[in-house]
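One file, upload00.cif, carrying mmCIF, N, CA and C atoms:
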```cif
data_my_file
#
loop_
_atom_site.label_atom_id
_atom_site.label_comp_id
_atom_site.auth_asym_id
_atom_site.auth_seq_id
_atom_site.Cartn_x
_atom_site.Cartn_y
_atom_site.Cartn_z
N MET A 81 20.47 32.21 -24.96
CA MET A 81 19.59 31.06 -24.86
C MET A 81 20.27 30.00 -23.99
N PRO A 82 19.56 29.51 -22.94
CA PRO A 82 20.18 28.51 -22.06
C PRO A 82 20.34 27.17 -22.77
N VAL A 83 21.31 26.41 -22.29
CA VAL A 83 21.57 25.07 -22.82
C VAL A 83 20.51 24.12 -22.27
N TYR A 84 19.95 23.31 -23.15
CA TYR A 84 18.91 22.36 -22.75
C TYR A 84 19.53 21.06 -22.27
N TYR A 85 19.05 20.57 -21.14
CA TYR A 85 19.46 19.26 -20.62
C TYR A 85 18.20 18.39 -20.51
N PRO A 86 18.24 17.19 -21.04
CA PRO A 86 17.06 16.30 -20.93
C PRO A 86 16.74 16.02 -19.46
N PRO A 87 15.47 15.81 -19.15
CA PRO A 87 15.08 15.57 -17.75
C PRO A 87 15.55 14.20 -17.26
N TRP A 88 15.70 14.12 -15.93
CA TRP A 88 16.04 12.86 -15.29
C TRP A 88 14.81 11.98 -15.25
N GLY A 89 15.00 10.67 -15.30
CA GLY A 89 13.89 9.73 -15.32
C GLY A 89 13.55 9.13 -13.97
N PHE A 90 14.08 9.69 -12.87
CA PHE A 90 13.82 9.07 -11.57
C PHE A 90 12.86 9.87 -10.70
N TYR A 91 12.47 11.06 -11.12
CA TYR A 91 11.60 11.90 -10.30
C TYR A 91 10.22 11.95 -10.96
N TYR A 92 9.33 11.07 -10.50
CA TYR A 92 8.00 10.96 -11.08
C TYR A 92 7.03 10.45 -10.01
N LYS A 93 5.76 10.53 -10.33
CA LYS A 93 4.74 9.93 -9.47
C LYS A 93 3.65 9.37 -10.36
N VAL A 94 2.87 8.48 -9.80
CA VAL A 94 1.76 7.84 -10.51
C VAL A 94 0.48 8.21 -9.77
N HIS A 95 -0.51 8.68 -10.51
CA HIS A 95 -1.78 9.07 -9.90
C HIS A 95 -2.91 8.24 -10.50
N PHE A 96 -3.67 7.59 -9.62
CA PHE A 96 -4.85 6.84 -10.03
C PHE A 96 -6.07 7.72 -9.84
N GLU A 97 -6.91 7.79 -10.84
CA GLU A 97 -8.12 8.61 -10.78
C GLU A 97 -8.89 8.34 -9.49
N ALA A 98 -9.31 9.42 -8.82
CA ALA A 98 -10.12 9.36 -7.60
C ALA A 98 -9.36 8.73 -6.43
N ASN A 99 -8.05 8.88 -6.39
CA ASN A 99 -7.26 8.35 -5.28
C ASN A 99 -6.20 9.39 -4.91
N ALA A 100 -6.31 9.94 -3.72
CA ALA A 100 -5.39 10.99 -3.29
C ALA A 100 -4.36 10.51 -2.27
N GLU A 101 -4.34 9.23 -1.95
CA GLU A 101 -3.40 8.68 -0.97
C GLU A 101 -1.97 8.82 -1.50
N PRO A 102 -1.09 9.54 -0.81
CA PRO A 102 0.28 9.76 -1.33
C PRO A 102 1.11 8.49 -1.47
N ASN A 103 0.89 7.49 -0.62
CA ASN A 103 1.66 6.25 -0.74
C ASN A 103 1.33 5.49 -2.02
N GLU A 104 0.14 5.69 -2.56
CA GLU A 104 -0.26 5.01 -3.79
C GLU A 104 0.48 5.55 -5.01
N ALA A 105 1.12 6.70 -4.89
CA ALA A 105 1.80 7.35 -6.02
C ALA A 105 3.25 6.92 -6.15
N ARG A 106 3.77 6.17 -5.19
CA ARG A 106 5.20 5.85 -5.15
C ARG A 106 5.48 4.48 -5.75
N PHE A 107 6.06 4.50 -6.94
CA PHE A 107 6.44 3.26 -7.63
C PHE A 107 7.93 3.33 -7.95
N GLN A 108 8.61 2.20 -7.83
CA GLN A 108 10.05 2.20 -8.10
C GLN A 108 10.35 2.15 -9.58
N SER A 109 9.41 1.67 -10.39
CA SER A 109 9.62 1.70 -11.85
C SER A 109 8.29 1.72 -12.58
N VAL A 110 8.31 2.37 -13.71
CA VAL A 110 7.15 2.45 -14.60
C VAL A 110 7.65 2.13 -16.00
N SER A 111 6.97 1.23 -16.70
CA SER A 111 7.34 0.93 -18.08
C SER A 111 6.07 0.68 -18.89
N GLY A 112 6.21 0.74 -20.19
CA GLY A 112 5.08 0.46 -21.07
C GLY A 112 4.46 1.68 -21.70
N LEU A 113 5.10 2.83 -21.57
CA LEU A 113 4.57 4.02 -22.23
C LEU A 113 5.09 4.04 -23.66
N SER A 114 4.42 3.29 -24.51
CA SER A 114 4.84 3.25 -25.92
C SER A 114 3.62 3.04 -26.80
N VAL A 115 3.75 3.51 -28.02
CA VAL A 115 2.68 3.39 -29.00
C VAL A 115 3.30 3.07 -30.35
N GLU A 116 2.62 2.25 -31.12
CA GLU A 116 3.10 1.90 -32.46
C GLU A 116 1.89 1.58 -33.33
N TYR A 117 2.14 1.53 -34.63
CA TYR A 117 1.09 1.17 -35.57
C TYR A 117 1.16 -0.31 -35.92
N ASP A 118 0.01 -0.95 -35.97
CA ASP A 118 -0.10 -2.24 -36.65
C ASP A 118 -0.13 -1.91 -38.14
N THR A 119 0.45 -2.77 -38.94
CA THR A 119 0.44 -2.52 -40.38
C THR A 119 -0.17 -3.71 -41.10
N GLU A 120 -0.63 -3.43 -42.28
CA GLU A 120 -1.19 -4.46 -43.14
C GLU A 120 -0.41 -4.42 -44.45
N GLU A 121 0.05 -5.58 -44.90
CA GLU A 121 0.81 -5.63 -46.14
C GLU A 121 -0.11 -5.70 -47.34
N TYR A 122 0.24 -4.96 -48.37
CA TYR A 122 -0.53 -4.95 -49.61
C TYR A 122 0.44 -5.20 -50.76
N LYS A 123 0.20 -6.27 -51.50
CA LYS A 123 1.05 -6.61 -52.64
C LYS A 123 0.43 -6.03 -53.91
N GLU A 124 1.16 -5.13 -54.50
CA GLU A 124 0.69 -4.48 -55.72
C GLU A 124 0.99 -5.36 -56.92
N GLY A 125 0.00 -5.51 -57.79
CA GLY A 125 0.20 -6.33 -58.99
C GLY A 125 1.26 -5.72 -59.90
N GLY A 126 2.22 -6.53 -60.36
CA GLY A 126 3.27 -6.06 -61.25
C GLY A 126 4.47 -5.48 -60.53
N GLU A 127 4.36 -5.19 -59.24
CA GLU A 127 5.48 -4.65 -58.45
C GLU A 127 5.99 -5.75 -57.55
N ASN A 128 7.16 -6.32 -57.91
CA ASN A 128 7.70 -7.45 -57.16
C ASN A 128 8.88 -7.08 -56.28
N ARG A 129 9.30 -5.81 -56.29
CA ARG A 129 10.47 -5.41 -55.49
C ARG A 129 10.13 -5.22 -54.01
N PHE A 130 8.89 -4.92 -53.69
CA PHE A 130 8.51 -4.66 -52.30
C PHE A 130 7.00 -4.82 -52.15
N THR A 131 6.57 -4.85 -50.89
CA THR A 131 5.14 -4.82 -50.58
C THR A 131 4.87 -3.52 -49.83
N HIS A 132 3.70 -2.98 -50.03
CA HIS A 132 3.31 -1.77 -49.31
C HIS A 132 2.91 -2.17 -47.89
N LYS A 133 3.33 -1.39 -46.92
CA LYS A 133 2.92 -1.61 -45.53
C LYS A 133 2.08 -0.41 -45.12
N LEU A 134 0.80 -0.64 -44.97
CA LEU A 134 -0.15 0.43 -44.68
C LEU A 134 -0.50 0.45 -43.19
N PRO A 135 -0.50 1.63 -42.58
CA PRO A 135 -0.89 1.71 -41.15
C PRO A 135 -2.37 1.39 -40.99
N VAL A 136 -2.67 0.57 -39.99
CA VAL A 136 -4.05 0.14 -39.76
C VAL A 136 -4.61 0.80 -38.50
N ARG A 137 -4.02 0.50 -37.36
CA ARG A 137 -4.49 1.07 -36.09
C ARG A 137 -3.31 1.17 -35.14
N THR A 138 -3.47 2.02 -34.15
CA THR A 138 -2.41 2.16 -33.16
C THR A 138 -2.55 1.07 -32.10
N LYS A 139 -1.41 0.74 -31.51
CA LYS A 139 -1.36 -0.31 -30.49
C LYS A 139 -0.53 0.24 -29.32
N TYR A 140 -1.07 0.15 -28.13
CA TYR A 140 -0.41 0.65 -26.93
C TYR A 140 0.05 -0.52 -26.07
N SER A 141 1.26 -0.42 -25.54
CA SER A 141 1.79 -1.46 -24.65
C SER A 141 1.07 -1.42 -23.31
N ASP A 142 1.15 -2.52 -22.57
CA ASP A 142 0.59 -2.54 -21.22
C ASP A 142 1.48 -1.69 -20.31
N LEU A 143 0.87 -1.06 -19.33
CA LEU A 143 1.58 -0.25 -18.36
C LEU A 143 1.98 -1.15 -17.20
N VAL A 144 3.27 -1.19 -16.89
CA VAL A 144 3.79 -2.05 -15.83
C VAL A 144 4.35 -1.17 -14.71
N LEU A 145 3.80 -1.34 -13.51
CA LEU A 145 4.18 -0.54 -12.35
C LEU A 145 4.73 -1.45 -11.27
N LYS A 146 5.88 -1.10 -10.71
CA LYS A 146 6.50 -1.91 -9.65
C LYS A 146 6.75 -1.03 -8.43
N ARG A 147 6.48 -1.61 -7.26
CA ARG A 147 6.73 -0.90 -6.01
C ARG A 147 6.88 -1.89 -4.87
N GLY A 148 7.41 -1.41 -3.75
CA GLY A 148 7.42 -2.21 -2.54
C GLY A 148 5.98 -2.47 -2.13
N MET A 149 5.71 -3.69 -1.68
CA MET A 149 4.34 -4.07 -1.35
C MET A 149 3.74 -3.10 -0.33
N LEU A 150 2.53 -2.66 -0.61
CA LEU A 150 1.82 -1.71 0.24
C LEU A 150 0.60 -2.41 0.83
N THR A 151 0.53 -2.47 2.16
CA THR A 151 -0.63 -3.10 2.79
C THR A 151 -1.76 -2.07 2.87
N GLY A 152 -2.98 -2.55 2.73
CA GLY A 152 -4.13 -1.66 2.80
C GLY A 152 -4.26 -0.76 1.58
N SER A 153 -3.77 -1.18 0.45
CA SER A 153 -3.76 -0.38 -0.76
C SER A 153 -5.12 -0.39 -1.47
N GLU A 154 -5.64 0.81 -1.76
CA GLU A 154 -6.87 0.92 -2.53
C GLU A 154 -6.66 0.46 -3.97
N VAL A 155 -5.47 0.67 -4.49
CA VAL A 155 -5.16 0.25 -5.86
C VAL A 155 -5.18 -1.27 -5.98
N VAL A 156 -4.59 -1.95 -5.00
CA VAL A 156 -4.60 -3.42 -5.02
C VAL A 156 -6.02 -3.93 -4.82
N THR A 157 -6.80 -3.27 -3.98
CA THR A 157 -8.22 -3.65 -3.82
C THR A 157 -8.95 -3.50 -5.15
N TRP A 158 -8.67 -2.42 -5.88
CA TRP A 158 -9.25 -2.20 -7.22
C TRP A 158 -8.88 -3.36 -8.15
N CYS A 159 -7.63 -3.79 -8.09
CA CYS A 159 -7.19 -4.92 -8.92
C CYS A 159 -7.91 -6.21 -8.54
N PHE A 160 -7.99 -6.50 -7.26
CA PHE A 160 -8.61 -7.75 -6.83
C PHE A 160 -10.13 -7.74 -7.00
N ASP A 161 -10.75 -6.56 -7.02
CA ASP A 161 -12.17 -6.50 -7.38
C ASP A 161 -12.36 -7.00 -8.81
N ALA A 162 -11.41 -6.68 -9.67
CA ALA A 162 -11.49 -7.15 -11.06
C ALA A 162 -11.21 -8.65 -11.14
N PHE A 163 -10.19 -9.12 -10.43
CA PHE A 163 -9.81 -10.53 -10.52
C PHE A 163 -10.81 -11.47 -9.84
N ARG A 164 -11.31 -11.08 -8.68
CA ARG A 164 -12.18 -11.97 -7.92
C ARG A 164 -13.66 -11.83 -8.29
N GLN A 165 -14.15 -10.58 -8.32
CA GLN A 165 -15.57 -10.36 -8.57
C GLN A 165 -15.88 -10.00 -10.02
N ARG A 166 -14.85 -9.88 -10.84
CA ARG A 166 -15.03 -9.49 -12.25
C ARG A 166 -15.69 -8.12 -12.36
N VAL A 167 -15.35 -7.24 -11.42
CA VAL A 167 -15.84 -5.86 -11.44
C VAL A 167 -14.72 -4.99 -11.99
N PHE A 168 -14.88 -4.57 -13.23
CA PHE A 168 -13.86 -3.78 -13.90
C PHE A 168 -14.28 -2.32 -13.91
N LYS A 169 -13.64 -1.53 -13.07
CA LYS A 169 -13.89 -0.09 -13.01
C LYS A 169 -12.71 0.60 -13.68
N ALA A 170 -12.91 1.04 -14.89
CA ALA A 170 -11.84 1.70 -15.64
C ALA A 170 -11.46 3.02 -14.98
N LYS A 171 -10.15 3.29 -14.94
CA LYS A 171 -9.63 4.53 -14.36
C LYS A 171 -8.63 5.15 -15.32
N THR A 172 -8.44 6.44 -15.16
CA THR A 172 -7.34 7.11 -15.84
C THR A 172 -6.15 7.05 -14.90
N VAL A 173 -5.03 6.55 -15.40
CA VAL A 173 -3.80 6.44 -14.62
C VAL A 173 -2.79 7.41 -15.22
N SER A 174 -2.33 8.35 -14.40
CA SER A 174 -1.40 9.37 -14.87
C SER A 174 0.00 9.10 -14.36
N VAL A 175 0.96 9.15 -15.26
CA VAL A 175 2.38 9.07 -14.91
C VAL A 175 2.92 10.49 -15.11
N ILE A 176 3.40 11.09 -14.03
CA ILE A 176 3.78 12.50 -14.05
C ILE A 176 5.28 12.61 -13.81
N LEU A 177 6.00 13.08 -14.81
CA LEU A 177 7.43 13.34 -14.69
C LEU A 177 7.61 14.72 -14.08
N MET A 178 8.43 14.83 -13.04
CA MET A 178 8.60 16.08 -12.32
C MET A 178 9.94 16.74 -12.66
N ASN A 179 9.99 18.07 -12.55
CA ASN A 179 11.26 18.76 -12.71
C ASN A 179 11.95 18.86 -11.35
N GLU A 180 13.09 19.52 -11.32
CA GLU A 180 13.89 19.60 -10.09
C GLU A 180 13.18 20.38 -8.98
N LYS A 181 12.17 21.17 -9.33
CA LYS A 181 11.41 21.94 -8.34
C LYS A 181 10.17 21.19 -7.86
N GLY A 182 9.94 19.98 -8.37
CA GLY A 182 8.78 19.20 -7.98
C GLY A 182 7.53 19.57 -8.74
N GLU A 183 7.70 20.26 -9.86
CA GLU A 183 6.57 20.67 -10.70
C GLU A 183 6.42 19.70 -11.85
N PRO A 184 5.18 19.44 -12.29
CA PRO A 184 4.98 18.53 -13.43
C PRO A 184 5.66 19.04 -14.69
N LEU A 185 6.42 18.17 -15.32
CA LEU A 185 7.14 18.51 -16.55
C LEU A 185 6.42 17.91 -17.76
N ARG A 186 5.99 16.67 -17.62
CA ARG A 186 5.25 15.97 -18.68
C ARG A 186 4.34 14.96 -18.00
N THR A 187 3.12 14.80 -18.52
CA THR A 187 2.16 13.86 -17.96
C THR A 187 1.63 12.96 -19.05
N TRP A 188 1.65 11.66 -18.80
CA TRP A 188 1.05 10.67 -19.69
C TRP A 188 -0.20 10.15 -18.98
N ASN A 189 -1.35 10.28 -19.62
CA ASN A 189 -2.62 9.83 -19.04
C ASN A 189 -3.09 8.58 -19.76
N GLY A 190 -2.99 7.44 -19.11
CA GLY A 190 -3.50 6.18 -19.66
C GLY A 190 -5.01 6.12 -19.45
N VAL A 191 -5.74 6.21 -20.54
CA VAL A 191 -7.20 6.33 -20.48
C VAL A 191 -7.86 4.95 -20.49
N HIS A 192 -8.86 4.80 -19.63
CA HIS A 192 -9.66 3.57 -19.52
C HIS A 192 -8.77 2.37 -19.15
N ALA A 193 -7.97 2.56 -18.10
CA ALA A 193 -7.07 1.50 -17.63
C ALA A 193 -7.82 0.53 -16.74
N VAL A 194 -7.53 -0.74 -16.93
CA VAL A 194 -8.07 -1.80 -16.08
C VAL A 194 -6.94 -2.78 -15.74
N PRO A 195 -7.04 -3.44 -14.59
CA PRO A 195 -6.00 -4.39 -14.20
C PRO A 195 -5.95 -5.59 -15.14
N LYS A 196 -4.74 -6.01 -15.46
CA LYS A 196 -4.54 -7.20 -16.29
C LYS A 196 -3.82 -8.30 -15.50
N LYS A 197 -2.88 -7.88 -14.64
CA LYS A 197 -2.06 -8.87 -13.92
C LYS A 197 -1.52 -8.22 -12.65
N TRP A 198 -1.41 -9.01 -11.59
CA TRP A 198 -0.78 -8.58 -10.35
C TRP A 198 0.13 -9.70 -9.90
N THR A 199 1.37 -9.37 -9.58
CA THR A 199 2.31 -10.39 -9.08
C THR A 199 3.06 -9.82 -7.88
N VAL A 200 3.56 -10.73 -7.08
CA VAL A 200 4.41 -10.37 -5.95
C VAL A 200 5.73 -11.10 -6.14
N SER A 201 6.83 -10.46 -5.73
CA SER A 201 8.15 -11.06 -5.92
C SER A 201 8.28 -12.34 -5.08
N ASP A 202 9.28 -13.14 -5.43
CA ASP A 202 9.52 -14.38 -4.70
C ASP A 202 9.89 -14.08 -3.26
N LEU A 203 9.45 -14.94 -2.37
CA LEU A 203 9.83 -14.85 -0.97
C LEU A 203 10.98 -15.83 -0.76
N ASN A 204 12.10 -15.34 -0.27
CA ASN A 204 13.29 -16.18 -0.17
C ASN A 204 14.00 -15.87 1.15
N ALA A 205 14.12 -16.87 2.01
CA ALA A 205 14.77 -16.69 3.32
C ALA A 205 16.26 -16.45 3.19
N ASN A 206 16.86 -16.72 2.03
CA ASN A 206 18.30 -16.52 1.84
C ASN A 206 18.66 -15.12 1.34
N GLU A 207 17.66 -14.28 1.13
CA GLU A 207 17.92 -12.93 0.64
C GLU A 207 17.35 -11.90 1.60
N ASN A 208 17.95 -10.75 1.61
CA ASN A 208 17.47 -9.64 2.43
C ASN A 208 16.96 -8.56 1.48
N SER A 209 15.75 -8.76 0.95
CA SER A 209 15.20 -7.80 -0.01
C SER A 209 13.73 -7.53 0.30
N ILE A 210 13.27 -6.38 -0.14
CA ILE A 210 11.87 -6.04 0.10
C ILE A 210 10.96 -6.83 -0.84
N VAL A 211 9.72 -6.95 -0.45
CA VAL A 211 8.72 -7.62 -1.28
C VAL A 211 8.22 -6.59 -2.30
N VAL A 212 8.30 -6.93 -3.57
CA VAL A 212 7.90 -6.03 -4.65
C VAL A 212 6.65 -6.57 -5.31
N GLU A 213 5.65 -5.69 -5.43
CA GLU A 213 4.44 -6.07 -6.16
C GLU A 213 4.47 -5.37 -7.52
N THR A 214 3.99 -6.11 -8.52
CA THR A 214 3.96 -5.60 -9.88
C THR A 214 2.52 -5.56 -10.36
N LEU A 215 2.10 -4.42 -10.84
CA LEU A 215 0.75 -4.25 -11.39
C LEU A 215 0.90 -4.05 -12.89
N GLU A 216 0.18 -4.83 -13.65
CA GLU A 216 0.16 -4.68 -15.10
C GLU A 216 -1.24 -4.25 -15.51
N LEU A 217 -1.31 -3.11 -16.17
CA LEU A 217 -2.59 -2.53 -16.56
C LEU A 217 -2.67 -2.44 -18.08
N THR A 218 -3.85 -2.68 -18.60
CA THR A 218 -4.08 -2.45 -20.01
C THR A 218 -4.95 -1.20 -20.12
N TYR A 219 -4.76 -0.43 -21.18
CA TYR A 219 -5.52 0.80 -21.35
C TYR A 219 -5.78 1.01 -22.83
N GLN A 220 -6.74 1.88 -23.16
CA GLN A 220 -7.11 2.08 -24.56
C GLN A 220 -6.09 2.92 -25.31
N TYR A 221 -5.67 4.03 -24.70
CA TYR A 221 -4.70 4.93 -25.32
C TYR A 221 -4.17 5.86 -24.24
N PHE A 222 -3.12 6.62 -24.56
CA PHE A 222 -2.69 7.65 -23.62
C PHE A 222 -2.60 9.00 -24.32
N THR A 223 -2.77 10.04 -23.51
CA THR A 223 -2.57 11.39 -23.99
C THR A 223 -1.33 11.94 -23.30
N VAL A 224 -0.71 12.91 -23.93
CA VAL A 224 0.49 13.53 -23.36
C VAL A 224 0.20 15.01 -23.13
N ALA A 225 0.46 15.46 -21.92
CA ALA A 225 0.22 16.87 -21.59
C ALA A 225 1.49 17.49 -21.03
#
```

Starting from the file, give its structure as structure tokens.
Amino acid sequence: MPVYYPPWGFYYKVHFEANAEPNEARFQSVSGLSVEYDTEEYKEGGENRFTHKLPVRTKYSDLVLKRGMLTGSEVVTWCFDAFRQRVFKAKTVSVILMNEKGEPLRTWNGVHAVPKKWTVSDLNANENSIVVETLELTYQYFTVA
């Protein structure tokens, strides 16, 4: 039996539903793939040592994507359609972790994602750095494949 090594976290791509442009898949960081339960406390009569914490519903973090600013981006146009015209077109956003052969190893599909925030890094004449845009998306839930 071969020895298992956990996968590296730097070989991945991001796919936006109905968008095949390869430059749109390149992000320098992805965060927010987490899920947890909200709980509700219940105090039982006569039991003073603890309170029961009952699971209520799941809560998903916002998906945060960072990349060098891309001009002519369909994804940024999708974001600004939401911010300017209040046109919210929900998309499935897939984060695909790749193996060393470039094959999908694990895929997280953020279902019903819509833009929540878009920011651009500070512009500073004293630094020699690229302009980074950050997209923050909210979604209903994710599936893992």

For the provided coordinates, the residues matched by the PyMOL selection byres ((chain A and resi 184-192) around 8) should be stated as an mmCIF file with N, CA and C atoms, keeping the file's coordinate frame.
```cif
data_model
loop_
_atom_site.group_PDB
_atom_site.id
_atom_site.type_symbol
_atom_site.label_atom_id
_atom_site.label_comp_id
_atom_site.auth_asym_id
_atom_site.auth_seq_id
_atom_site.Cartn_x
_atom_site.Cartn_y
_atom_site.Cartn_z
ATOM 1 N N LEU A 113 5.100 2.830 -21.570
ATOM 2 C CA LEU A 113 4.570 4.020 -22.230
ATOM 3 C C LEU A 113 5.090 4.040 -23.660
ATOM 4 N N LYS A 169 -13.640 -1.530 -13.070
ATOM 5 C CA LYS A 169 -13.890 -0.090 -13.010
ATOM 6 C C LYS A 169 -12.710 0.600 -13.680
ATOM 7 N N ALA A 170 -12.910 1.040 -14.890
ATOM 8 C CA ALA A 170 -11.840 1.700 -15.640
ATOM 9 C C ALA A 170 -11.460 3.020 -14.980
ATOM 10 N N LYS A 171 -10.150 3.290 -14.940
ATOM 11 C CA LYS A 171 -9.630 4.530 -14.360
ATOM 12 C C LYS A 171 -8.630 5.150 -15.320
ATOM 13 N N THR A 172 -8.440 6.440 -15.160
ATOM 14 C CA THR A 172 -7.340 7.110 -15.840
ATOM 15 C C THR A 172 -6.150 7.050 -14.900
ATOM 16 N N VAL A 173 -5.030 6.550 -15.400
ATOM 17 C CA VAL A 173 -3.800 6.440 -14.620
ATOM 18 C C VAL A 173 -2.790 7.410 -15.220
ATOM 19 N N SER A 174 -2.330 8.350 -14.400
ATOM 20 C CA SER A 174 -1.400 9.370 -14.870
ATOM 21 C C SER A 174 0.000 9.100 -14.360
ATOM 22 N N VAL A 175 0.960 9.150 -15.260
ATOM 23 C CA VAL A 175 2.380 9.070 -14.910
ATOM 24 C C VAL A 175 2.920 10.490 -15.110
ATOM 25 N N ILE A 176 3.400 11.090 -14.030
ATOM 26 C CA ILE A 176 3.780 12.500 -14.050
ATOM 27 C C ILE A 176 5.280 12.610 -13.810
ATOM 28 N N LEU A 177 6.000 13.080 -14.810
ATOM 29 C CA LEU A 177 7.430 13.340 -14.690
ATOM 30 C C LEU A 177 7.610 14.720 -14.080
ATOM 31 N N MET A 178 8.430 14.830 -13.040
ATOM 32 C CA MET A 178 8.600 16.080 -12.320
ATOM 33 C C MET A 178 9.940 16.740 -12.660
ATOM 34 N N ASN A 179 9.990 18.070 -12.550
ATOM 35 C CA ASN A 179 11.260 18.760 -12.710
ATOM 36 C C ASN A 179 11.950 18.860 -11.350
ATOM 37 N N GLU A 180 13.090 19.520 -11.320
ATOM 38 C CA GLU A 180 13.890 19.600 -10.090
ATOM 39 C C GLU A 180 13.180 20.380 -8.980
ATOM 40 N N LYS A 181 12.170 21.170 -9.330
ATOM 41 C CA LYS A 181 11.410 21.940 -8.340
ATOM 42 C C LYS A 181 10.170 21.190 -7.860
ATOM 43 N N GLY A 182 9.940 19.980 -8.370
ATOM 44 C CA GLY A 182 8.780 19.200 -7.980
ATOM 45 C C GLY A 182 7.530 19.570 -8.740
ATOM 46 N N GLU A 183 7.700 20.260 -9.860
ATOM 47 C CA GLU A 183 6.570 20.670 -10.700
ATOM 48 C C GLU A 183 6.420 19.700 -11.850
ATOM 49 N N ALA A 193 -7.970 2.560 -18.100
ATOM 50 C CA ALA A 193 -7.070 1.500 -17.630
ATOM 51 C C ALA A 193 -7.820 0.530 -16.740
ATOM 52 N N VAL A 194 -7.530 -0.740 -16.930
ATOM 53 C CA VAL A 194 -8.070 -1.800 -16.080
ATOM 54 C C VAL A 194 -6.940 -2.780 -15.740
ATOM 55 N N PRO A 195 -7.040 -3.440 -14.590
ATOM 56 C CA PRO A 195 -6.000 -4.390 -14.200
ATOM 57 C C PRO A 195 -5.950 -5.590 -15.140
ATOM 58 N N LEU A 217 -1.310 -3.110 -16.170
ATOM 59 C CA LEU A 217 -2.590 -2.530 -16.560
ATOM 60 C C LEU A 217 -2.670 -2.440 -18.080
ATOM 61 N N THR A 218 -3.850 -2.680 -18.600
ATOM 62 C CA THR A 218 -4.080 -2.450 -20.010
ATOM 63 C C THR A 218 -4.950 -1.200 -20.120
ATOM 64 N N TYR A 219 -4.760 -0.430 -21.180
ATOM 65 C CA TYR A 219 -5.520 0.800 -21.350
ATOM 66 C C TYR A 219 -5.780 1.010 -22.830
ATOM 67 N N GLN A 220 -6.740 1.880 -23.160
ATOM 68 C CA GLN A 220 -7.110 2.080 -24.560
ATOM 69 C C GLN A 220 -6.090 2.920 -25.310
ATOM 70 N N TYR A 221 -5.670 4.030 -24.700
ATOM 71 C CA TYR A 221 -4.700 4.930 -25.320
ATOM 72 C C TYR A 221 -4.170 5.860 -24.240
ATOM 73 N N PHE A 222 -3.120 6.620 -24.560
ATOM 74 C CA PHE A 222 -2.690 7.650 -23.620
ATOM 75 C C PHE A 222 -2.600 9.000 -24.320
ATOM 76 N N THR A 223 -2.770 10.040 -23.510
ATOM 77 C CA THR A 223 -2.570 11.390 -23.990
ATOM 78 C C THR A 223 -1.330 11.940 -23.300
ATOM 79 N N VAL A 224 -0.710 12.910 -23.930
ATOM 80 C CA VAL A 224 0.490 13.530 -23.360
ATOM 81 C C VAL A 224 0.200 15.010 -23.130
ATOM 82 N N ALA A 225 0.460 15.460 -21.920
ATOM 83 C CA ALA A 225 0.220 16.870 -21.590
ATOM 84 C C ALA A 225 1.490 17.490 -21.030
#
```

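The residues caught by the PyMOL selection byres ((chain A and resi 117-121) around 6) in this file are A:Val115, A:Glu116, A:Tyr122, A:Lys123, A:Thr131, A:His132, A:Lys133, A:Leu134, A:Pro135, A:Val136, A:Arg137, A:Thr138, A:Lys139.
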
Quiz item: Can you list every residue in range 139-211 of chain A that DSSP puts in helix (DSSP H, G or I), as a ChimeraX atom specification?
Solution: /A:154-165

Self-check item: Residues of range 83-223 of chain A in strand (DSSP E or B), written as a VMD selection string
Solution: chain A and resid 92 to 96 109 to 111 115 to 122 132 to 140 143 to 148 171 to 178 184 to 200 212 to 218 221 to 223

Practice problem: Can you work out which one of A:Phe168, A:Trp198, A:Phe130, A:Tyr85 has the shortest atom-to-atom distance to Val156 in chain A, counting only C-alpha atoms? | Solution: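 The closest residue to Val156 in chain A is A:Trp198.
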
Self-check item: d(CA of Glu216 in chain A, CA of Val200 in chain A) in Å
Solution: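 CA of Val200 in chain A lies 11.6 Å from CA of Glu216 in chain A.
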
How close does each residue of range 138-201 of chain A get to range 210-215 of chain A, giving the shortest atom pair and distance in Å to one decimal for every residue with an atom at most 9 Å away, counting only C-alpha atoms, sorted by chain and residue number, as CSV?
```
residue,atom,partner,partner_atom,distance
A:Leu143,CA,A:Leu215,CA,8.1
A:Val144,CA,A:Leu215,CA,5.8
A:Leu145,CA,A:Leu215,CA,5.1
A:Lys146,CA,A:Thr214,CA,4.5
A:Arg147,CA,A:Val212,CA,5.4
A:Gly148,CA,A:Val212,CA,4.4
A:Met149,CA,A:Glu213,CA,5.2
A:Leu150,CA,A:Glu213,CA,8.2
A:Val156,CA,A:Leu215,CA,8.4
A:Cys159,CA,A:Leu215,CA,8.3
A:Pro195,CA,A:Leu215,CA,7.3
A:Lys196,CA,A:Leu215,CA,7.8
A:Lys197,CA,A:Leu215,CA,6.0
A:Trp198,CA,A:Leu215,CA,4.7
A:Thr199,CA,A:Thr214,CA,5.1
A:Val200,CA,A:Glu213,CA,4.3
A:Ser201,CA,A:Val212,CA,5.2
```

Quiz prompt | d(atom C of Gly89 in chain A, CA of Arg106 in chain A) in Å | solution =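 Straight-line distance from atom C of Gly89 in chain A to CA of Arg106 in chain A works out to 12.6 Å.
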
Quiz item: Which residues fall under the PyMOL selection byres ((chain A and resi 104) around 8) in this file, as a PyMOL selection string?
Solution: chain A and resi 93-96+99-103+105-107+153-155

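Between atom C of Val110 in chain A and atom C of Asp142 in chain A the interatomic distance comes to 8.4 Å.
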